[in-house]
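Structure data (compact mmCIF, C-alpha atoms (C1' of nucleotides)) from work.txt:
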# COMPACT_ATOMS: atom_id res chain seq x y z
CA MET A 135 -40.40 85.56 180.40
CA THR A 136 -42.49 82.98 182.22
CA PRO A 137 -44.39 85.09 184.80
CA ASN A 138 -44.54 82.39 187.46
CA ILE A 139 -40.84 81.59 187.29
CA SER A 140 -39.93 85.24 187.02
CA ASN A 141 -41.92 86.07 190.15
CA LYS A 142 -40.35 83.23 192.10
CA LEU A 143 -36.82 84.19 191.08
CA LEU A 144 -37.51 87.78 192.10
CA ALA A 145 -39.03 86.62 195.39
CA VAL A 146 -35.82 84.72 196.14
CA TYR A 147 -33.78 87.80 195.27
CA LYS A 148 -35.83 90.08 197.50
CA THR A 149 -35.62 87.65 200.41
CA LEU A 150 -31.84 87.40 200.06
CA GLN A 151 -31.53 91.18 199.76
CA LYS A 152 -33.55 91.65 202.90
CA THR A 153 -31.56 89.01 204.79
CA TYR A 154 -28.04 89.96 203.76
CA GLY A 155 -28.13 93.46 202.26
CA PRO A 156 -25.92 94.68 199.40
CA GLN A 157 -22.85 92.50 198.76
CA GLY A 158 -20.88 94.97 196.65
CA TRP A 159 -19.05 92.44 194.52
CA TRP A 160 -16.38 91.95 193.25
CA PRO A 161 -14.09 92.57 196.25
CA ALA A 162 -11.11 94.03 194.32
CA ASP A 163 -9.42 97.39 193.69
CA THR A 164 -9.08 97.06 189.90
CA PRO A 165 -10.59 95.06 187.01
CA PHE A 166 -7.26 93.27 186.62
CA GLU A 167 -7.37 92.17 190.24
CA THR A 168 -10.89 90.86 189.64
CA ILE A 169 -9.68 88.77 186.72
CA VAL A 170 -6.82 87.35 188.77
CA GLY A 171 -9.23 86.59 191.62
CA ALA A 172 -11.66 84.88 189.24
CA ILE A 173 -8.94 82.46 188.15
CA LEU A 174 -7.55 81.91 191.65
CA THR A 175 -10.95 81.15 193.18
CA GLN A 176 -11.61 78.15 190.95
CA ASN A 177 -12.80 75.42 193.33
CA THR A 178 -11.15 77.29 196.17
CA ALA A 179 -12.32 79.06 199.35
CA TRP A 180 -12.14 82.84 198.99
CA ALA A 181 -10.16 83.24 202.25
CA ASN A 182 -7.30 81.34 200.60
CA VAL A 183 -7.52 83.49 197.48
CA GLU A 184 -7.21 86.61 199.62
CA LYS A 185 -3.89 85.36 200.96
CA ALA A 186 -2.60 84.77 197.45
CA ILE A 187 -3.79 88.20 196.27
CA SER A 188 -2.12 89.77 199.29
CA ASN A 189 1.16 88.03 198.40
CA LEU A 190 0.90 89.35 194.83
CA LYS A 191 0.34 92.88 196.13
CA MET A 192 3.25 92.68 198.56
CA ALA A 193 5.49 91.46 195.76
CA GLY A 194 4.27 94.33 193.57
CA VAL A 195 3.15 92.08 190.72
CA LEU A 196 -0.60 92.63 190.71
CA SER A 197 -0.64 94.35 187.33
CA ALA A 198 -0.70 92.93 183.83
CA GLU A 199 2.71 94.33 182.95
CA LYS A 200 4.41 92.99 186.11
CA MET A 201 2.69 89.66 185.88
CA ARG A 202 3.80 89.35 182.29
CA ARG A 203 7.41 89.68 183.40
CA ILE A 204 7.42 87.46 186.47
CA ASP A 205 8.90 83.99 186.29
CA LEU A 206 6.33 81.18 186.28
CA LYS A 207 7.84 79.48 189.32
CA LYS A 208 7.93 82.72 191.30
CA LEU A 209 4.32 83.35 190.41
CA ALA A 210 3.36 79.85 191.52
CA ARG A 211 5.13 80.35 194.85
CA LEU A 212 3.27 83.61 195.51
CA ILE A 213 -0.17 82.13 194.84
CA ARG A 214 0.51 78.94 196.79
CA PRO A 215 -2.14 79.59 199.50
CA ALA A 216 -4.88 79.49 196.82
CA GLY A 217 -4.15 75.83 196.05
CA TYR A 218 -3.58 74.22 192.60
CA TYR A 219 -0.77 76.77 192.40
CA ASN A 220 1.16 75.22 189.52
CA ILE A 221 -1.83 74.97 187.23
CA LYS A 222 -3.22 78.35 188.29
CA ALA A 223 0.12 80.06 187.64
CA LYS A 224 -0.03 78.68 184.09
CA ARG A 225 -3.64 79.84 183.75
CA LEU A 226 -2.72 83.36 184.81
CA LYS A 227 0.12 83.37 182.30
CA ASN A 228 -2.22 82.02 179.61
CA PHE A 229 -4.59 84.90 180.24
CA ILE A 230 -1.75 87.44 180.17
CA SER A 231 -0.50 86.10 176.82
CA PHE A 232 -4.00 86.31 175.39
CA PHE A 233 -4.52 89.78 176.92
CA TYR A 234 -1.39 91.20 175.26
CA SER A 235 -1.57 89.40 171.95
CA LYS A 236 -5.21 90.26 171.26
CA TYR A 237 -5.91 93.36 173.37
CA ASN A 238 -2.50 94.97 173.84
CA GLY A 239 -2.77 94.52 177.61
CA SER A 240 -5.54 97.13 177.80
CA ILE A 241 -8.65 96.61 179.95
CA GLY A 242 -10.31 99.31 177.86
CA ASN A 243 -9.69 97.34 174.67
CA LEU A 244 -10.96 94.18 176.33
CA SER A 245 -14.17 95.74 177.62
CA SER A 246 -14.97 97.52 174.37
CA GLU A 247 -14.97 94.22 172.49
CA ASN A 248 -18.31 92.93 171.24
CA PRO A 249 -19.72 90.85 174.15
CA GLU A 250 -20.35 87.69 172.11
CA LYS A 251 -16.89 87.81 170.56
CA LEU A 252 -15.39 88.57 173.96
CA ARG A 253 -17.04 85.53 175.53
CA LYS A 254 -15.76 83.23 172.79
CA ALA A 255 -12.30 84.75 173.06
CA LEU A 256 -12.10 84.34 176.83
CA LEU A 257 -13.35 80.75 176.61
CA SER A 258 -10.60 79.98 174.13
CA VAL A 259 -7.98 80.63 176.83
CA ASN A 260 -6.84 77.38 178.44
CA GLY A 261 -7.90 77.61 182.08
CA ILE A 262 -10.87 79.92 181.57
CA GLY A 263 -14.13 77.97 181.59
CA PRO A 264 -17.75 79.20 181.64
CA GLU A 265 -17.90 80.46 185.22
CA THR A 266 -14.52 82.19 185.20
CA CYS A 267 -15.34 83.73 181.83
CA ASP A 268 -18.70 85.06 182.98
CA SER A 269 -17.30 86.32 186.29
CA ILE A 270 -14.71 88.30 184.34
CA MET A 271 -17.36 89.62 181.94
CA LEU A 272 -19.77 90.69 184.69
CA TYR A 273 -17.54 91.73 187.57
CA ALA A 274 -14.41 93.00 185.83
CA LEU A 275 -15.87 94.36 182.60
CA GLY A 276 -19.47 95.24 183.48
CA LYS A 277 -21.11 93.07 180.83
CA ARG A 278 -24.70 91.93 181.29
CA ILE A 279 -24.23 88.21 181.84
CA PHE A 280 -25.51 85.99 184.67
CA VAL A 281 -22.88 83.89 186.46
CA ILE A 282 -23.72 80.30 187.36
CA ASP A 283 -21.74 78.39 189.94
CA ALA A 284 -22.01 75.11 191.84
CA TYR A 285 -24.04 76.80 194.59
CA THR A 286 -26.59 78.24 192.17
CA LYS A 287 -27.05 74.84 190.62
CA ARG A 288 -27.32 73.08 193.97
CA ILE A 289 -29.69 75.55 195.62
CA PHE A 290 -32.11 76.10 192.76
CA SER A 291 -32.27 72.44 191.77
CA ARG A 292 -33.00 71.54 195.42
CA HIS A 293 -35.83 74.05 195.28
CA SER A 294 -37.06 72.36 192.06
CA PHE A 295 -36.52 75.34 189.75
CA PHE A 296 -34.72 72.98 187.35
CA LYS A 297 -33.19 69.51 187.33
CA ALA A 298 -29.85 68.83 188.99
CA SER A 299 -28.67 67.48 185.63
CA ALA A 300 -29.15 70.83 183.84
CA ASP A 301 -25.93 72.12 182.29
CA TYR A 302 -24.26 75.51 182.71
CA HIS A 303 -25.69 77.13 179.62
CA ALA A 304 -29.25 75.91 180.22
CA ILE A 305 -29.22 77.26 183.78
CA GLN A 306 -27.75 80.57 182.65
CA LYS A 307 -30.46 80.90 180.01
CA TYR A 308 -33.08 80.06 182.63
CA PHE A 309 -32.03 82.99 184.81
CA MET A 310 -31.45 85.42 181.96
CA ASP A 311 -34.78 84.60 180.30
CA ASN A 312 -36.69 85.03 183.54
CA LEU A 313 -35.09 88.03 185.20
CA PRO A 314 -35.10 91.72 184.26
CA LYS A 315 -32.11 92.43 181.99
CA ASN A 316 -30.19 94.46 184.53
CA ILE A 317 -26.45 94.32 185.25
CA LYS A 318 -26.73 95.45 188.86
CA LEU A 319 -29.35 92.78 189.51
CA TYR A 320 -27.16 90.06 187.96
CA ASN A 321 -24.23 91.28 190.02
CA GLU A 322 -26.04 91.23 193.36
CA TYR A 323 -28.05 88.10 192.67
CA HIS A 324 -25.02 85.86 192.17
CA ALA A 325 -23.19 87.40 195.12
CA LEU A 326 -26.23 86.86 197.36
CA VAL A 327 -26.51 83.22 196.30
CA VAL A 328 -22.89 82.66 197.33
CA ARG A 329 -23.52 84.48 200.61
CA LEU A 330 -26.53 82.27 201.33
CA ALA A 331 -24.64 79.11 200.43
CA LYS A 332 -21.92 79.88 202.97
CA ASP A 333 -24.53 79.62 205.71
CA PHE A 334 -26.92 76.92 204.58
CA CYS A 335 -26.12 75.05 201.42
CA ARG A 336 -22.91 73.13 201.91
CA THR A 337 -22.85 69.35 201.97
CA LYS A 338 -25.07 69.08 205.01
CA PRO A 339 -27.86 71.54 204.27
CA ALA A 340 -29.55 73.29 207.19
CA CYS A 341 -32.67 73.90 205.13
CA ASP A 342 -34.91 74.37 208.17
CA LYS A 343 -33.18 77.65 208.97
CA CYS A 344 -32.64 78.78 205.38
CA PRO A 345 -34.38 82.08 204.53
CA LEU A 346 -35.59 80.49 201.29
CA VAL A 347 -37.68 77.92 203.17
CA ILE A 348 -40.73 80.16 202.62
CA ILE A 349 -40.31 80.38 198.83
C1' DG B 243 -8.56 62.83 210.06
C1' DA B 244 -12.33 63.60 206.80
C1' DC B 245 -14.51 66.76 204.11
C1' DC B 246 -14.80 70.51 201.06
C1' DA B 247 -14.14 75.23 198.77
C1' DG B 248 -17.16 81.22 194.25
C1' DG B 249 -13.65 74.99 188.20
C1' DC B 250 -11.27 73.32 184.45
C1' DA B 251 -8.87 70.28 181.22
C1' DC B 252 -8.03 65.95 179.78
C1' DA B 253 -8.50 60.78 179.39
C1' DT B 254 -11.37 57.09 178.63
C1' DC B 255 -15.40 54.64 177.49
C1' DG C 178 -22.00 62.74 175.03
C1' DA C 179 -21.42 61.14 179.74
C1' DT C 180 -18.39 60.02 183.45
C1' DG C 181 -13.95 59.89 186.10
C1' DT C 182 -9.63 61.98 187.64
C1' DG C 183 -5.72 65.23 188.77
C1' DC C 184 -4.78 69.56 190.51
C1' DA C 185 -3.48 71.39 196.41
C1' DT C 186 -3.90 74.66 200.24
C1' DG C 187 -6.23 75.83 204.50
C1' DG C 188 -10.56 76.12 207.42
C1' DT C 189 -14.29 73.52 209.97

Take the structure in the file and write it out as structure tokens.
Amino acid sequence: MTPNISNKLLAVYKTLQKTYGPQGWWPADTPFETIVGAILTQNTAWANVEKAISNLKMAGVLSAEKMRRIDLKKLARLIRPAGYYNIKAKRLKNFISFFYSKYNGSIGNLSSENPEKLRKALLSVNGIGPETCDSIMLYALGKRIFVIDAYTKRIFSRHSFFKASADYHAIQKYFMDNLPKNIKLYNEYHALVVRLAKDFCRTKPACDKCPLVII
DNA sequence: GACCAGGCACATC
DNA sequence: GATGTGCATGGT
């Protein structure tokens, strides 16, 4: 670890913790619901995902077995509020096919897979990219992996931690090399970054009021 | 009405 | 390898 960077990253974390408190991610009742949410939230406001999840619950199809059976068009109609509904319905089905063919539809089988193999396997599913994969690994399956999203990139590059041109893997390595290797920390850190971004780091940053202005 | 949200795949150069 | 584009609803 680079002590200076490590201290700064921890200082940011402590400031966010103090400002916002525990975030308790992921907001879901089951690991399967977390996986579905991770796919539905791709480039989409969480409030819209909640509507789609609610529709799936009302229709009684928020389980792997039920979602495996449901017609693609019906699935698309239920998740409509989350946007990109046609492509996301296919992505959910792609995951389900993968989940049954390789892991017999068992979350236990999925989470007991070797983490490196699991990451490669998830990334091989069409519709699961780096962020969705890592969100599933961390928040649904409890694996020690740091999730990077557009906010993390935007905020920390603005604060000169790394260049705006840095790619996903480089940024992930940056955090994982410079933070204590702790799942709970990874969980809260990413959630707190998203929480902060909702207030201050959209297209028109209000950096003067941002709690990180002192870092 | 414009802008954007907890991305990803694919086409093209 | 870098850059551009389609996918789409709903809130500010």

- Using all atoms listed in the file, determine which residues of chain C fall within 6 Å of chain A; present them as a PyMOL selection string. chain C and resi 184-186

For the residues in the current selection, export C-alpha atoms (C1' of nucleotides) as a CSV table (one decimal), in the coordinates of the input.
chain,number,residue,atom,x,y,z
C,184,DC,C1',-4.8,69.6,190.5
C,185,DA,C1',-3.5,71.4,196.4
C,186,DT,C1',-3.9,74.7,200.2

- Task: Take atom CA of Ala284 of chain A and atom C1' of DG248 of chain B and report the distance between them in Å, one decimal.
- Result: 8.2 Å

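For DC246 of chain B, the list of residues within 12 Å, based on only C-alpha atoms (C1' of nucleotides) and with local chain neighbours fewer than 6 positions off taken out, reads Asn177, Thr178, Ala179, Lys332, Arg336, Thr337 and Lys338 of chain A; DT186, DG187, DG188 and DT189 of chain C.
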
- Task: Pick out the chain A residues within 9 Å of chain B. Count all atoms listed in the file. Give them as number ranges by chain.
- Result: A: 172-173, 175-180, 260-266, 283-285, 325, 328, 336-337

- Distance atom CA of Tyr147 of chain A-atom CA of Tyr323 of chain A, one decimal place?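 So the answer is 6.3 Å.
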
- Query: For Phe232 of chain A, which of A:Val259, A:Pro249, A:Ala162, A:Lys254 is the closest residue, counting all atoms listed in the file?
  - Reply: A:Val259

- Could you please determine the separation between atom CA of Leu252 of chain A and atom CA of Arg225 of chain A in Å, to one decimal place?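 A separation of 17.6 Å between them.
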
Can you list, as a tab-separated table (two decimals) with C-alpha atoms, in the coordinates of the input, every protein, DNA or RNA residue that comes within 10 Å of Asp268 of chain A when you count all atoms listed in the file, leaving out same-chain residues fewer than 3 positions away?
chain	number	residue	atom	x	y	z
A	172	ALA	CA	-11.66	84.88	189.24
A	253	ARG	CA	-17.04	85.53	175.53
A	256	LEU	CA	-12.10	84.34	176.83
A	257	LEU	CA	-13.35	80.75	176.61
A	262	ILE	CA	-10.87	79.92	181.57
A	263	GLY	CA	-14.13	77.97	181.59
A	264	PRO	CA	-17.75	79.20	181.64
A	265	GLU	CA	-17.90	80.46	185.22
A	271	MET	CA	-17.36	89.62	181.94
A	272	LEU	CA	-19.77	90.69	184.69
A	273	TYR	CA	-17.54	91.73	187.57
A	274	ALA	CA	-14.41	93.00	185.83
A	275	LEU	CA	-15.87	94.36	182.60
A	277	LYS	CA	-21.11	93.07	180.83
A	278	ARG	CA	-24.70	91.93	181.29
A	279	ILE	CA	-24.23	88.21	181.84
A	280	PHE	CA	-25.51	85.99	184.67
A	281	VAL	CA	-22.88	83.89	186.46
A	282	ILE	CA	-23.72	80.30	187.36

Can you complete the atoms of segment 208-227 of chain A to N, CA and C atoms and list them as a CSV table (one decimal), in the coordinates of the input?
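Output contents, as saved in result-v5.csv:
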chain,number,residue,atom,x,y,z
A,208,LYS,N,8.1,81.7,190.3
A,208,LYS,CA,7.9,82.7,191.3
A,208,LYS,C,6.4,83.0,191.5
A,209,LEU,N,5.8,83.1,190.4
A,209,LEU,CA,4.3,83.4,190.4
A,209,LEU,C,3.6,82.2,191.2
A,210,ALA,N,4.0,81.0,190.9
A,210,ALA,CA,3.4,79.8,191.5
A,210,ALA,C,3.6,79.9,193.0
A,211,ARG,N,4.8,80.3,193.4
A,211,ARG,CA,5.1,80.4,194.8
A,211,ARG,C,4.3,81.4,195.6
A,212,LEU,N,4.1,82.5,194.9
A,212,LEU,CA,3.3,83.6,195.5
A,212,LEU,C,1.8,83.2,195.7
A,213,ILE,N,1.3,82.5,194.8
A,213,ILE,CA,-0.2,82.1,194.8
A,213,ILE,C,-0.4,80.8,195.5
A,214,ARG,N,0.6,80.2,196.1
A,214,ARG,CA,0.5,78.9,196.8
A,214,ARG,C,-0.7,78.8,197.7
A,215,PRO,N,-1.0,79.8,198.6
A,215,PRO,CA,-2.1,79.6,199.5
A,215,PRO,C,-3.5,79.3,198.8
A,216,ALA,N,-3.6,79.7,197.5
A,216,ALA,CA,-4.9,79.5,196.8
A,216,ALA,C,-5.0,78.1,196.3
A,217,GLY,N,-4.0,77.2,196.5
A,217,GLY,CA,-4.2,75.8,196.0
A,217,GLY,C,-4.0,75.7,194.5
A,218,TYR,N,-3.8,74.5,194.0
A,218,TYR,CA,-3.6,74.2,192.6
A,218,TYR,C,-2.6,75.2,192.0
A,219,TYR,N,-1.6,75.6,192.8
A,219,TYR,CA,-0.8,76.8,192.4
A,219,TYR,C,0.0,76.6,191.1
A,220,ASN,N,0.4,75.4,190.8
A,220,ASN,CA,1.2,75.2,189.5
A,220,ASN,C,0.3,75.5,188.3
A,221,ILE,N,-0.9,74.8,188.4
A,221,ILE,CA,-1.8,75.0,187.2
A,221,ILE,C,-2.4,76.4,187.1
A,222,LYS,N,-2.7,77.0,188.3
A,222,LYS,CA,-3.2,78.4,188.3
A,222,LYS,C,-2.2,79.4,187.8
A,223,ALA,N,-0.9,79.2,188.1
A,223,ALA,CA,0.1,80.1,187.6
A,223,ALA,C,0.1,80.0,186.1
A,224,LYS,N,0.0,78.8,185.6
A,224,LYS,CA,0.0,78.7,184.1
A,224,LYS,C,-1.3,79.4,183.5
A,225,ARG,N,-2.4,79.2,184.2
A,225,ARG,CA,-3.6,79.8,183.8
A,225,ARG,C,-3.5,81.4,183.7
A,226,LEU,N,-2.9,81.9,184.8
A,226,LEU,CA,-2.7,83.4,184.8
A,226,LEU,C,-1.8,83.8,183.6
A,227,LYS,N,-0.8,83.1,183.4
A,227,LYS,CA,0.1,83.4,182.3
A,227,LYS,C,-0.6,83.2,180.9
